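Below is the file protein-v4.txt, which contains compact mmCIF, C-alpha atoms and all ligand atoms.
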# COMPACT_ATOMS: atom_id res chain seq x y z
CA MET A 3 0.00 0.00 0.00
CA PRO A 4 1.86 3.11 -1.28
CA ARG A 5 2.32 6.07 1.00
CA THR A 6 2.73 9.57 -0.33
CA ARG A 7 4.25 11.22 2.75
CA ALA A 8 7.17 13.48 1.76
CA THR A 9 10.64 12.46 2.86
CA ALA A 10 12.42 14.36 5.61
CA GLN A 11 15.17 15.35 3.20
CA GLY A 12 12.97 15.85 0.20
CA ALA A 13 16.06 14.96 -1.84
CA HIS A 14 14.71 11.70 -3.27
CA GLU A 15 11.47 10.30 -4.49
CA PRO A 16 9.50 8.85 -1.58
CA SER A 17 9.54 5.07 -1.65
CA ARG A 18 6.39 3.08 -1.95
CA GLY A 19 5.46 1.77 1.44
CA VAL A 20 5.24 -1.89 2.31
CA ASP A 21 3.30 -3.70 4.98
CA VAL A 22 6.40 -4.77 6.87
CA LEU A 23 9.96 -3.47 6.81
CA VAL A 24 12.56 -5.63 8.53
CA ILE A 25 15.75 -3.90 9.66
CA GLY A 26 18.50 -6.52 9.59
CA GLY A 27 18.95 -9.35 7.10
CA GLY A 28 20.59 -11.81 9.45
CA ILE A 29 19.08 -15.18 10.19
CA ILE A 30 16.34 -13.75 12.44
CA GLY A 31 15.36 -10.93 10.09
CA LEU A 32 15.30 -13.24 7.07
CA ALA A 33 13.20 -15.93 8.74
CA THR A 34 10.75 -13.29 9.98
CA ALA A 35 10.53 -11.76 6.52
CA TRP A 36 10.00 -15.13 4.83
CA ARG A 37 7.25 -16.32 7.15
CA THR A 38 5.49 -12.97 7.01
CA ALA A 39 5.62 -12.81 3.21
CA GLN A 40 4.19 -16.35 3.08
CA HIS A 41 1.08 -14.92 4.74
CA GLY A 42 0.62 -12.49 1.85
CA LEU A 43 1.99 -9.28 3.36
CA SER A 44 4.39 -7.13 1.34
CA VAL A 45 7.79 -7.26 3.03
CA ALA A 46 11.13 -5.53 2.56
CA VAL A 47 14.47 -6.13 4.29
CA VAL A 48 17.09 -3.43 4.85
CA ASP A 49 20.66 -4.72 5.11
CA PRO A 50 23.84 -3.98 3.12
CA THR A 51 24.70 -7.70 3.04
CA PRO A 52 21.64 -9.89 3.60
CA GLY A 53 22.58 -13.31 4.94
CA GLY A 54 25.56 -11.91 6.86
CA GLY A 55 25.72 -11.34 10.58
CA ALA A 56 26.33 -13.66 13.51
CA ALA A 57 25.00 -16.75 11.68
CA GLN A 58 28.05 -16.63 9.37
CA VAL A 59 30.18 -17.34 12.43
CA ALA A 60 27.87 -19.55 14.53
CA ALA A 61 28.43 -23.29 14.86
CA GLY A 62 24.73 -24.11 14.56
CA MET A 63 24.29 -26.29 17.63
CA LEU A 64 20.65 -26.86 18.50
CA ALA A 65 21.56 -27.43 22.12
CA ALA A 66 18.53 -26.71 24.29
CA VAL A 67 19.45 -29.50 26.72
CA THR A 68 23.25 -29.32 26.89
CA GLU A 69 23.23 -25.50 27.09
CA LEU A 70 20.72 -25.43 29.96
CA HIS A 71 21.62 -22.92 32.67
CA TYR A 72 20.23 -22.26 36.14
CA GLY A 73 17.50 -19.64 36.18
CA GLU A 74 16.66 -20.04 32.49
CA GLN A 75 13.58 -22.27 32.75
CA ALA A 76 11.36 -19.99 30.64
CA LEU A 77 14.05 -19.80 27.98
CA LEU A 78 14.37 -23.59 28.08
CA ALA A 79 10.70 -23.96 27.14
CA LEU A 80 11.19 -21.58 24.21
CA ASN A 81 14.37 -23.36 23.09
CA LEU A 82 12.73 -26.79 23.26
CA GLU A 83 9.74 -25.60 21.29
CA SER A 84 11.96 -24.17 18.57
CA ALA A 85 14.05 -27.36 18.48
CA ARG A 86 10.81 -29.31 18.03
CA ARG A 87 9.97 -27.19 14.97
CA TYR A 88 13.38 -27.61 13.33
CA PRO A 89 12.77 -30.76 11.25
CA ASP A 90 9.65 -29.30 9.59
CA PHE A 91 11.20 -25.85 9.22
CA SER A 92 14.31 -27.28 7.52
CA ALA A 93 12.30 -29.58 5.30
CA GLU A 94 10.00 -26.74 4.20
CA LEU A 95 12.93 -24.47 3.47
CA GLU A 96 14.73 -27.18 1.47
CA GLU A 97 11.57 -27.99 -0.46
CA CYS A 98 10.92 -24.35 -1.23
CA THR A 99 14.49 -23.51 -2.33
CA GLY A 100 16.06 -26.79 -3.45
CA GLN A 101 18.98 -25.92 -1.13
CA GLU A 102 20.19 -28.17 1.70
CA VAL A 103 20.41 -26.54 5.11
CA GLY A 104 22.53 -29.20 6.82
CA TYR A 105 20.06 -30.15 9.54
CA ARG A 106 21.66 -33.17 11.20
CA PRO A 107 19.89 -35.04 14.03
CA CYS A 108 23.18 -36.41 15.35
CA GLY A 109 22.87 -35.82 19.11
CA THR A 110 25.49 -34.41 21.47
CA LEU A 111 27.99 -35.81 23.95
CA ALA A 112 29.13 -33.52 26.78
CA VAL A 113 32.23 -34.90 28.50
CA ALA A 114 34.36 -34.23 31.58
CA LEU A 115 38.17 -34.24 31.58
CA ASP A 116 38.83 -33.94 35.32
CA SER A 117 36.98 -34.18 38.61
CA ASP A 118 35.93 -30.50 38.56
CA ASP A 119 34.47 -30.92 35.06
CA ARG A 120 32.75 -34.10 36.18
CA ALA A 121 31.18 -32.35 39.20
CA HIS A 122 29.97 -29.61 36.85
CA LEU A 123 28.44 -32.18 34.47
CA ARG A 124 26.79 -34.05 37.36
CA GLU A 125 25.14 -30.75 38.39
CA LEU A 126 23.97 -30.21 34.83
CA HIS A 127 22.62 -33.77 34.69
CA ALA A 128 20.67 -33.24 37.93
CA LEU A 129 19.25 -29.96 36.59
CA GLN A 130 18.27 -31.65 33.34
CA GLN A 131 16.49 -34.42 35.24
CA ARG A 132 14.64 -31.93 37.45
CA SER A 133 13.59 -30.18 34.26
CA GLY A 134 12.21 -33.41 32.77
CA LEU A 135 14.85 -33.57 30.03
CA GLU A 136 16.35 -36.67 28.52
CA SER A 137 20.07 -37.21 29.07
CA GLN A 138 22.07 -40.26 30.02
CA TRP A 139 25.17 -40.44 32.24
CA LEU A 140 28.03 -42.44 30.66
CA SER A 141 31.37 -43.64 32.01
CA GLY A 142 34.57 -42.50 30.30
CA ARG A 143 34.82 -45.86 28.56
CA GLU A 144 31.26 -45.60 27.27
CA CYS A 145 32.01 -42.11 25.96
CA ARG A 146 35.06 -43.38 24.07
CA ARG A 147 33.09 -46.28 22.68
CA LEU A 148 30.71 -43.76 21.14
CA GLU A 149 33.49 -41.41 20.02
CA PRO A 150 36.82 -43.25 19.69
CA MET A 151 38.79 -40.04 18.98
CA LEU A 152 38.14 -38.76 22.52
CA ALA A 153 41.14 -38.44 24.84
CA PRO A 154 41.83 -41.49 27.01
CA GLY A 155 41.51 -39.26 30.11
CA VAL A 156 37.80 -38.50 29.59
CA ARG A 157 36.19 -39.18 32.99
CA GLY A 158 32.55 -39.45 32.05
CA GLY A 159 29.89 -37.67 30.09
CA LEU A 160 26.30 -36.93 29.26
CA ARG A 161 24.69 -38.36 26.17
CA VAL A 162 21.95 -36.07 24.87
CA ASP A 163 20.34 -37.59 21.81
CA GLY A 164 17.92 -34.67 21.35
CA ASP A 165 20.50 -31.88 20.77
CA HIS A 166 21.25 -31.66 17.06
CA GLN A 167 22.84 -29.26 14.59
CA VAL A 168 22.20 -27.26 11.46
CA ASP A 169 24.64 -25.46 9.14
CA PRO A 170 23.93 -21.73 9.73
CA ARG A 171 25.62 -20.63 6.50
CA ARG A 172 23.53 -22.98 4.38
CA LEU A 173 20.46 -22.02 6.39
CA THR A 174 20.92 -18.27 5.80
CA SER A 175 21.65 -18.81 2.13
CA ALA A 176 18.43 -20.82 1.79
CA LEU A 177 16.52 -18.13 3.68
CA VAL A 178 17.72 -15.44 1.25
CA THR A 179 16.48 -17.58 -1.66
CA ALA A 180 13.18 -18.33 0.10
CA CYS A 181 12.65 -14.62 0.77
CA GLU A 182 13.34 -13.76 -2.89
CA ARG A 183 10.88 -16.41 -4.04
CA ALA A 184 8.26 -15.12 -1.62
CA GLY A 185 8.60 -11.63 -3.10
CA VAL A 186 10.58 -10.00 -0.28
CA VAL A 187 12.36 -6.87 -1.53
CA PHE A 188 15.95 -6.28 -0.41
CA HIS A 189 17.40 -2.80 0.13
CA HIS A 190 21.18 -3.26 0.25
CA HIS A 191 21.88 -0.32 2.55
CA TRP A 192 22.44 0.46 6.19
CA ALA A 193 19.40 1.65 8.09
CA GLN A 194 20.47 4.95 9.62
CA ALA A 195 17.43 6.02 11.61
CA LEU A 196 13.90 5.05 12.47
CA THR A 197 11.40 7.67 11.37
CA VAL A 198 8.61 8.44 13.81
CA HIS A 199 5.52 10.46 12.97
CA GLY A 200 3.42 11.59 15.89
CA ASP A 201 3.40 8.61 18.23
CA ARG A 202 4.05 5.98 15.54
CA ALA A 203 7.04 4.43 13.79
CA VAL A 204 6.46 4.96 10.08
CA GLY A 205 9.68 4.07 8.32
CA VAL A 206 13.41 4.07 8.07
CA ARG A 207 15.95 6.53 6.74
CA LEU A 208 18.75 4.78 4.86
CA ALA A 209 22.41 5.75 5.02
CA ASP A 210 22.11 7.24 1.51
CA GLY A 211 19.34 9.58 2.71
CA ARG A 212 16.40 7.77 1.13
CA GLU A 213 13.31 7.11 3.21
CA LEU A 214 11.33 3.88 3.22
CA HIS A 215 7.87 3.66 4.68
CA ALA A 216 5.95 0.77 6.17
CA GLU A 217 2.91 -0.01 8.24
CA GLN A 218 5.03 -2.04 10.65
CA ILE A 219 8.76 -2.10 11.24
CA VAL A 220 10.72 -4.96 12.79
CA LEU A 221 14.05 -4.17 14.39
CA ALA A 222 16.10 -7.36 13.93
CA GLY A 223 19.62 -5.99 13.86
CA GLY A 224 21.25 -8.36 16.38
CA SER A 225 23.83 -6.53 18.49
CA TYR A 226 23.37 -3.43 16.36
CA SER A 227 19.69 -3.09 17.31
CA ARG A 228 20.59 -0.72 20.13
CA ASP A 229 22.33 1.68 17.80
CA LEU A 230 19.56 2.69 15.41
CA GLU A 231 19.04 6.45 15.59
CA GLY A 232 15.55 7.78 16.14
CA VAL A 233 14.34 4.96 18.41
CA PRO A 234 12.94 6.52 21.59
CA PRO A 235 15.15 5.57 24.56
CA HIS A 236 12.36 3.74 26.43
CA VAL A 237 11.92 1.23 23.56
CA LEU A 238 15.60 0.74 22.66
CA PRO A 239 16.36 -2.98 23.11
CA PRO A 240 19.04 -3.45 25.80
CA VAL A 241 21.34 -5.63 23.69
CA ARG A 242 25.12 -5.70 23.91
CA PRO A 243 27.70 -7.47 21.74
CA VAL A 244 29.33 -10.59 23.23
CA LYS A 245 32.28 -11.67 21.13
CA GLY A 246 32.76 -15.29 20.14
CA GLN A 247 35.86 -16.54 18.33
CA ILE A 248 35.48 -19.74 16.37
CA LEU A 249 37.60 -22.02 14.17
CA ARG A 250 36.79 -24.10 11.12
CA LEU A 251 38.82 -27.19 10.27
CA THR A 252 38.42 -29.87 7.63
CA VAL A 253 38.37 -33.61 8.20
CA PRO A 254 40.15 -35.20 5.20
CA ALA A 255 38.48 -38.36 3.88
CA ALA A 256 41.31 -40.48 5.32
CA PHE A 257 40.38 -39.36 8.86
CA ALA A 258 36.61 -39.79 8.51
CA PRO A 259 34.55 -40.36 10.53
CA PHE A 260 36.44 -38.16 12.97
CA LEU A 261 33.47 -37.44 15.25
CA SER A 262 29.92 -38.62 14.67
CA ARG A 263 28.12 -36.12 16.91
CA THR A 264 28.71 -32.76 18.58
CA VAL A 265 31.20 -33.15 21.41
CA ARG A 266 31.50 -30.51 24.10
CA ALA A 267 33.08 -29.92 27.48
CA VAL A 268 33.82 -27.30 30.06
CA VAL A 269 37.61 -27.05 30.29
CA ARG A 270 39.08 -24.74 32.99
CA GLY A 271 35.71 -23.06 33.26
CA GLY A 272 35.53 -22.29 29.53
CA SER A 273 33.03 -23.95 27.23
CA ILE A 274 34.43 -25.78 24.20
CA TYR A 275 32.50 -27.56 21.47
CA LEU A 276 33.33 -29.46 18.30
CA VAL A 277 30.57 -29.68 15.71
CA PRO A 278 31.22 -32.16 12.87
CA ARG A 279 29.35 -31.55 9.63
CA GLN A 280 28.38 -34.18 7.11
CA ASP A 281 30.55 -32.46 4.46
CA GLY A 282 33.74 -32.79 6.54
CA GLU A 283 33.76 -29.35 8.13
CA LEU A 284 34.58 -29.36 11.84
CA VAL A 285 33.64 -26.22 13.77
CA VAL A 286 35.41 -25.53 17.05
CA GLY A 287 34.08 -22.82 19.34
CA ALA A 288 33.80 -20.56 21.11
CA THR A 289 35.21 -17.83 23.26
CA SER A 290 32.85 -15.53 25.13
CA GLU A 291 34.27 -12.04 25.58
CA GLU A 292 32.70 -8.76 26.69
CA LEU A 293 34.79 -6.43 24.53
CA GLY A 294 32.21 -4.26 22.83
CA TRP A 295 32.38 -4.10 19.05
CA ASP A 296 35.73 -5.85 18.74
CA THR A 297 35.75 -8.68 16.18
CA THR A 298 39.52 -9.23 16.09
CA VAL A 299 40.64 -12.82 15.97
CA THR A 300 43.42 -13.03 18.56
CA ALA A 301 46.31 -15.45 18.95
CA GLY A 302 45.15 -15.98 22.53
CA GLY A 303 41.61 -16.88 21.47
CA VAL A 304 42.78 -19.34 18.81
CA TYR A 305 45.37 -20.79 21.20
CA GLU A 306 42.80 -21.40 23.95
CA LEU A 307 40.32 -23.03 21.60
CA LEU A 308 42.96 -25.32 20.07
CA ARG A 309 44.50 -26.11 23.46
CA ASP A 310 41.13 -27.13 24.96
CA ALA A 311 39.99 -28.96 21.82
CA HIS A 312 43.30 -30.85 21.77
CA GLU A 313 42.81 -31.96 25.38
CA LEU A 314 39.40 -33.27 24.40
CA VAL A 315 40.28 -34.81 21.02
CA PRO A 316 44.09 -35.01 20.60
CA GLY A 317 43.90 -35.95 16.92
CA ILE A 318 42.56 -32.49 16.07
CA THR A 319 46.11 -31.16 15.57
CA GLU A 320 46.38 -33.31 12.40
CA LEU A 321 43.50 -31.49 10.70
CA PRO A 322 43.85 -28.53 8.32
CA LEU A 323 42.73 -25.27 9.95
CA VAL A 324 40.80 -23.40 7.25
CA GLU A 325 39.21 -20.42 8.96
CA THR A 326 39.31 -18.31 12.10
CA ARG A 327 36.54 -15.81 12.72
CA ALA A 328 34.88 -13.74 15.42
CA GLY A 329 31.23 -12.75 15.67
CA LEU A 330 29.01 -10.85 18.06
CA ARG A 331 26.18 -12.50 19.97
CA PRO A 332 23.40 -10.07 20.89
CA GLY A 333 23.34 -10.47 24.69
CA THR A 334 20.52 -9.21 26.92
CA PRO A 335 20.27 -8.70 30.70
CA ASP A 336 18.44 -12.05 31.16
CA ASN A 337 20.08 -13.95 28.25
CA ALA A 338 16.70 -14.28 26.52
CA PRO A 339 15.44 -12.67 23.31
CA LEU A 340 13.06 -9.75 22.89
CA LEU A 341 10.14 -10.69 20.67
CA GLY A 342 7.10 -8.71 19.60
CA PRO A 343 5.61 -5.23 19.73
CA THR A 344 7.30 -2.40 21.59
CA ALA A 345 5.66 0.50 23.41
CA LEU A 346 6.03 2.53 20.19
CA PRO A 347 3.12 1.67 17.88
CA GLY A 348 4.33 0.32 14.55
CA LEU A 349 7.69 -0.87 15.94
CA LEU A 350 8.36 -4.52 16.84
CA VAL A 351 11.63 -6.15 17.79
CA ALA A 352 13.15 -9.59 17.23
CA THR A 353 16.61 -9.45 18.72
CA GLY A 354 18.73 -10.37 21.73
CA HIS A 355 18.92 -14.10 20.95
CA TYR A 356 22.40 -14.28 22.51
CA ARG A 357 23.63 -17.93 22.44
CA ASN A 358 20.45 -19.25 20.80
CA GLY A 359 19.93 -17.34 17.58
CA VAL A 360 20.17 -20.31 15.26
CA LEU A 361 18.16 -22.55 17.58
CA LEU A 362 15.39 -19.98 17.99
CA THR A 363 15.05 -19.11 14.31
CA PRO A 364 11.99 -21.26 13.45
CA LEU A 365 10.05 -20.19 16.51
CA THR A 366 11.00 -16.53 16.14
CA ALA A 367 9.78 -16.57 12.55
CA ASP A 368 6.42 -18.02 13.60
CA VAL A 369 5.78 -15.73 16.55
CA MET A 370 6.83 -12.61 14.68
CA ALA A 371 4.64 -13.53 11.71
CA SER A 372 1.72 -14.02 14.08
CA ALA A 373 2.35 -10.62 15.70
CA LEU A 374 2.68 -8.91 12.30
CA VAL A 375 -0.14 -10.64 10.45
CA CYS A 376 -2.76 -11.13 13.21
CA GLY A 377 -1.58 -8.68 15.87
CA VAL A 378 -1.28 -11.58 18.31
CA LEU A 379 1.89 -12.56 20.13
CA PRO A 380 1.56 -16.33 20.77
CA ASP A 381 1.55 -17.53 24.39
CA GLU A 382 5.00 -19.08 24.20
CA ALA A 383 6.51 -15.69 23.39
CA LEU A 384 4.69 -13.67 26.07
CA PRO A 385 7.49 -14.01 28.69
CA PHE A 386 9.85 -12.53 26.10
CA ALA A 387 7.88 -9.40 25.27
CA PRO A 388 10.22 -6.38 25.00
CA HIS A 389 8.38 -4.31 27.62
CA ARG A 390 9.88 -6.48 30.38
CA PHE A 391 12.88 -4.14 30.23
CA SER A 392 10.97 -0.88 30.01
CA PRO A 393 11.41 1.50 32.97
CA LEU A 394 7.66 1.28 33.72
CA ALA A 395 7.67 -2.54 33.95
CA GLN A 396 10.66 -2.36 36.29
CA GLU A 397 8.89 0.19 38.55
CA HIS A 398 5.88 -2.15 38.82
CA SER A 399 7.96 -5.20 39.64
CA ALA A 400 10.03 -3.29 42.29
N1 LIG B 1 25.51 -21.39 21.44
C1 LIG B 1 26.91 -21.42 21.30
C2 LIG B 1 27.59 -20.15 21.49
O1 LIG B 1 26.96 -19.12 21.63
O2 LIG B 1 28.81 -20.15 21.51

Could you write out this file's structure as structure tokens?
Amino acid sequence: MPRTRATAQGAHEPSRGVDVLVIGGGIIGLATAWRTAQHGLSVAVVDPTPGGGAAQVAAGMLAAVTELHYGEQALLALNLESARRYPDFSAELEECTGQEVGYRPCGTLAVALDSDDRAHLRELHALQQRSGLESQWLSGRECRRLEPMLAPGVRGGLRVDGDHQVDPRRLTSALVTACERAGVVFHHHWAQALTVHGDRAVGVRLADGRELHAEQIVLAGGSYSRDLEGVPPHVLPPVRPVKGQILRLTVPAAFAPFLSRTVRAVVRGGSIYLVPRQDGELVVGATSEELGWDTTVTAGGVYELLRDAHELVPGITELPLVETRAGLRPGTPDNAPLLGPTALPGLLVATGHYRNGVLLTPLTADVMASALVCGVLPDEALPFAPHRFSPLAQEHSA
């Protein structure tokens, strides 16, 4: 539905408005755009490089059970529900695009290398059992029987057959194609500022000065969501960048199968994981660093990852190292995403997915489409409504 409102600059022709404008073409923005366009709304995405962002770095673990943390019960329910939707979501995306997304229901093995690690894993196992989750305690020998490349010193582990993986790069590439086929329009520019008219968000000003208009705007810019000009302070999502360094290695055919499932551990308090893909890629991650916008790959980060991975799987030093990279997780004060309408009419957010962006993609797409198409935020997303961080909500809960 075209709008005729003049641009703030007046320097360019006003753009035709769309129903929904998504700011951010990362995995969350793309999935939201795709699902929404499937419902018949006109959708545009603003991003200089759609398909980029944190998903280009992420390992793609779908680890609702092995990444369970104390105090995150509500998030667990959301994570499990999204994991449940993954097989259908992947199959639909593959069917629609003809592109494989690398969904692999391979399970996960979390192991302990010393008595401190084992105590930590025992705690996690107890928490998983209290939460009604399926996981099985294994001796060190049983772990090595499952994964013969594990170090002889492995002291025990947790077998979690329900935690799988997907290839985030393939997934984002398929989402770009799916969006194009569903008629989503891409604007390959930075969004500079939200435009607000009266008490309503009405569009976006691009870095080149052009204005785009829309009935509804979704802020899905990951860590950058906090930096969009023009967003009133009380609705700015409280996201911060949390740096993760990650490595990619290749398993030559002569070494295959190197690992048959995701293997992870906590070594010296740091989390390490090895995610083996069907195509021979082996992803090793990840550091977690509060360093602002820094995406430098450091010798120290690579050293720590290789050192810990080598303790876990000594044979890793034989493999070619093909890539080192750092990305930014969008962290929030409670480690959970912000989903749905904000206090500013016309503006919704889908950001702050922190460690679970890839895992939460199918569910985010569904709940955002529901909010955009029907004006209803589904029950499962209600605990994650953005207003939980607004100053007013905090006054009431004090
Ligand atoms: N979920 C894995 C990570 O954030 O490193």

Each side padded by 4 Å, which centre and which edge lengths in Å (one decimal) define the axis-aligned box around the listed atoms of ligand LIG 1 (chain B)? Give them as JSON.
{"center_x": 27.2, "center_y": -20.3, "center_z": 21.5, "size_x": 11.3, "size_y": 10.3, "size_z": 8.3}

Quick one: residues within 12 Å of (22.2, -29.6, 23.1) (file frame), counting only C-alpha atoms, please, as a PyMOL selection string.
chain A and resi 62-71+78+81-82+85+107-112+126+130+135-137+160-168+263-267+275+277+357-358+361

What lies within 9 Å of range 242-251 of chain A using all atoms listed in the file, ignoring chain neighbours under 2 positions off, as number ranges by chain?
A: 59-61, 224-228, 240, 253, 282-300, 303-304, 307-308, 318, 321-335, 354, 356

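Compared by their closest atoms to ligand LIG 1 (chain B), and using all atoms listed in the file, the residues A:Leu365, A:Leu276, A:Val269, A:Val20 rank with A:Leu276 nearest.
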
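Taking CA of Ala209 in chain A and CA of Ala195 in chain A as endpoints, the distance between them is 8.3 Å.
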
Taking 4 positions as the minimum chain separation for residues in the same chain, which residues sit within 12 Å of Val186 in chain A when counting all atoms listed in the file? Answer as a PyMOL selection string.
chain A and resi 20-24+27+31-48+52+177-182

Counting all atoms listed in the file, which residues sit no farther than 8 Å from the position (20.2, -13.0, 11.1) in the file's frame? I'd like them as a PDB file with C-alpha atoms, in the frame of the given file.
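This went into point-v2.pdb:
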ATOM      1  CA  GLY A  26      18.500  -6.520   9.590  1.00  0.00           C
ATOM      2  CA  GLY A  27      18.950  -9.350   7.100  1.00  0.00           C
ATOM      3  CA  GLY A  28      20.590 -11.810   9.450  1.00  0.00           C
ATOM      4  CA  ILE A  29      19.080 -15.180  10.190  1.00  0.00           C
ATOM      5  CA  ILE A  30      16.340 -13.750  12.440  1.00  0.00           C
ATOM      6  CA  GLY A  31      15.360 -10.930  10.090  1.00  0.00           C
ATOM      7  CA  LEU A  32      15.300 -13.240   7.070  1.00  0.00           C
ATOM      8  CA  ALA A  33      13.200 -15.930   8.740  1.00  0.00           C
ATOM      9  CA  GLY A  53      22.580 -13.310   4.940  1.00  0.00           C
ATOM     10  CA  GLY A  54      25.560 -11.910   6.860  1.00  0.00           C
ATOM     11  CA  GLY A  55      25.720 -11.340  10.580  1.00  0.00           C
ATOM     12  CA  ALA A  56      26.330 -13.660  13.510  1.00  0.00           C
ATOM     13  CA  ALA A  57      25.000 -16.750  11.680  1.00  0.00           C
ATOM     14  CA  THR A 174      20.920 -18.270   5.800  1.00  0.00           C
ATOM     15  CA  ALA A 222      16.100  -7.360  13.930  1.00  0.00           C
ATOM     16  CA  GLY A 223      19.620  -5.990  13.860  1.00  0.00           C
ATOM     17  CA  GLY A 224      21.250  -8.360  16.380  1.00  0.00           C
ATOM     18  CA  GLY A 359      19.930 -17.340  17.580  1.00  0.00           C
TER      19      GLY A 359
END

I'd like to know which of A:Val378, A:Leu349, A:Val315, A:Ile274 is closest to ligand LIG 1 (chain B), using only C-alpha atoms and all ligand atoms.
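That would be A:Ile274, the residue with the smallest distance to ligand LIG 1 (chain B).
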
Excluding Gly348 in chain A and residues on its chain fewer than 4 positions from it, collect all residues at most 7 Å away from it, counting all atoms listed in the file, and give them as a list in words.
Arg202, Ala203, Val204, Glu217, Gln218 and Ile219 of chain A

I want to know what sits within 8 Å of Arg172 in chain A, based on all atoms listed in the file, with residues of the same chain fewer than 5 positions away left out; could you give that as a ChimeraX atom specification?
/A:101-104

Any chance you could export the current selection's C-alpha atoms as a PDB file, in the frame of the given file?
ATOM      1  CA  GLN A 101      18.980 -25.920  -1.130  1.00  0.00           C
ATOM      2  CA  GLU A 102      20.190 -28.170   1.700  1.00  0.00           C
ATOM      3  CA  VAL A 103      20.410 -26.540   5.110  1.00  0.00           C
ATOM      4  CA  GLY A 104      22.530 -29.200   6.820  1.00  0.00           C
TER       5      GLY A 104
END

Length of the CA of Gly155 in chain A to CA of Ala258 in chain A vector [Å]
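The value is 22.2 Å.
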
Starting from the incomplete input, reconstruct N, CA and C atoms of range 94-105 of chain A and write that as a CSV table (one decimal), keeping the file's coordinate frame.
chain,number,residue,atom,x,y,z
A,94,GLU,N,10.8,-27.7,5.0
A,94,GLU,CA,10.0,-26.7,4.2
A,94,GLU,C,10.9,-25.8,3.4
A,95,LEU,N,12.0,-25.4,4.1
A,95,LEU,CA,12.9,-24.5,3.5
A,95,LEU,C,13.7,-25.2,2.3
A,96,GLU,N,14.0,-26.4,2.5
A,96,GLU,CA,14.7,-27.2,1.5
A,96,GLU,C,13.8,-27.4,0.3
A,97,GLU,N,12.6,-27.7,0.6
A,97,GLU,CA,11.6,-28.0,-0.5
A,97,GLU,C,11.3,-26.7,-1.3
A,98,CYS,N,11.3,-25.6,-0.6
A,98,CYS,CA,10.9,-24.4,-1.2
A,98,CYS,C,12.1,-23.8,-2.1
A,99,THR,N,13.3,-24.1,-1.7
A,99,THR,CA,14.5,-23.5,-2.3
A,99,THR,C,15.3,-24.5,-3.1
A,100,GLY,N,15.2,-25.8,-2.8
A,100,GLY,CA,16.1,-26.8,-3.4
A,100,GLY,C,17.5,-26.7,-2.9
A,101,GLN,N,17.7,-26.0,-1.8
A,101,GLN,CA,19.0,-25.9,-1.1
A,101,GLN,C,19.0,-26.7,0.2
A,102,GLU,N,20.1,-27.4,0.4
A,102,GLU,CA,20.2,-28.2,1.7
A,102,GLU,C,20.6,-27.2,2.8
A,103,VAL,N,20.1,-27.4,4.0
A,103,VAL,CA,20.4,-26.5,5.1
A,103,VAL,C,21.3,-27.2,6.2
A,104,GLY,N,21.6,-28.5,5.9
A,104,GLY,CA,22.5,-29.2,6.8
A,104,GLY,C,22.0,-29.5,8.2
A,105,TYR,N,20.6,-29.7,8.3
A,105,TYR,CA,20.1,-30.2,9.5
A,105,TYR,C,20.5,-31.6,9.8
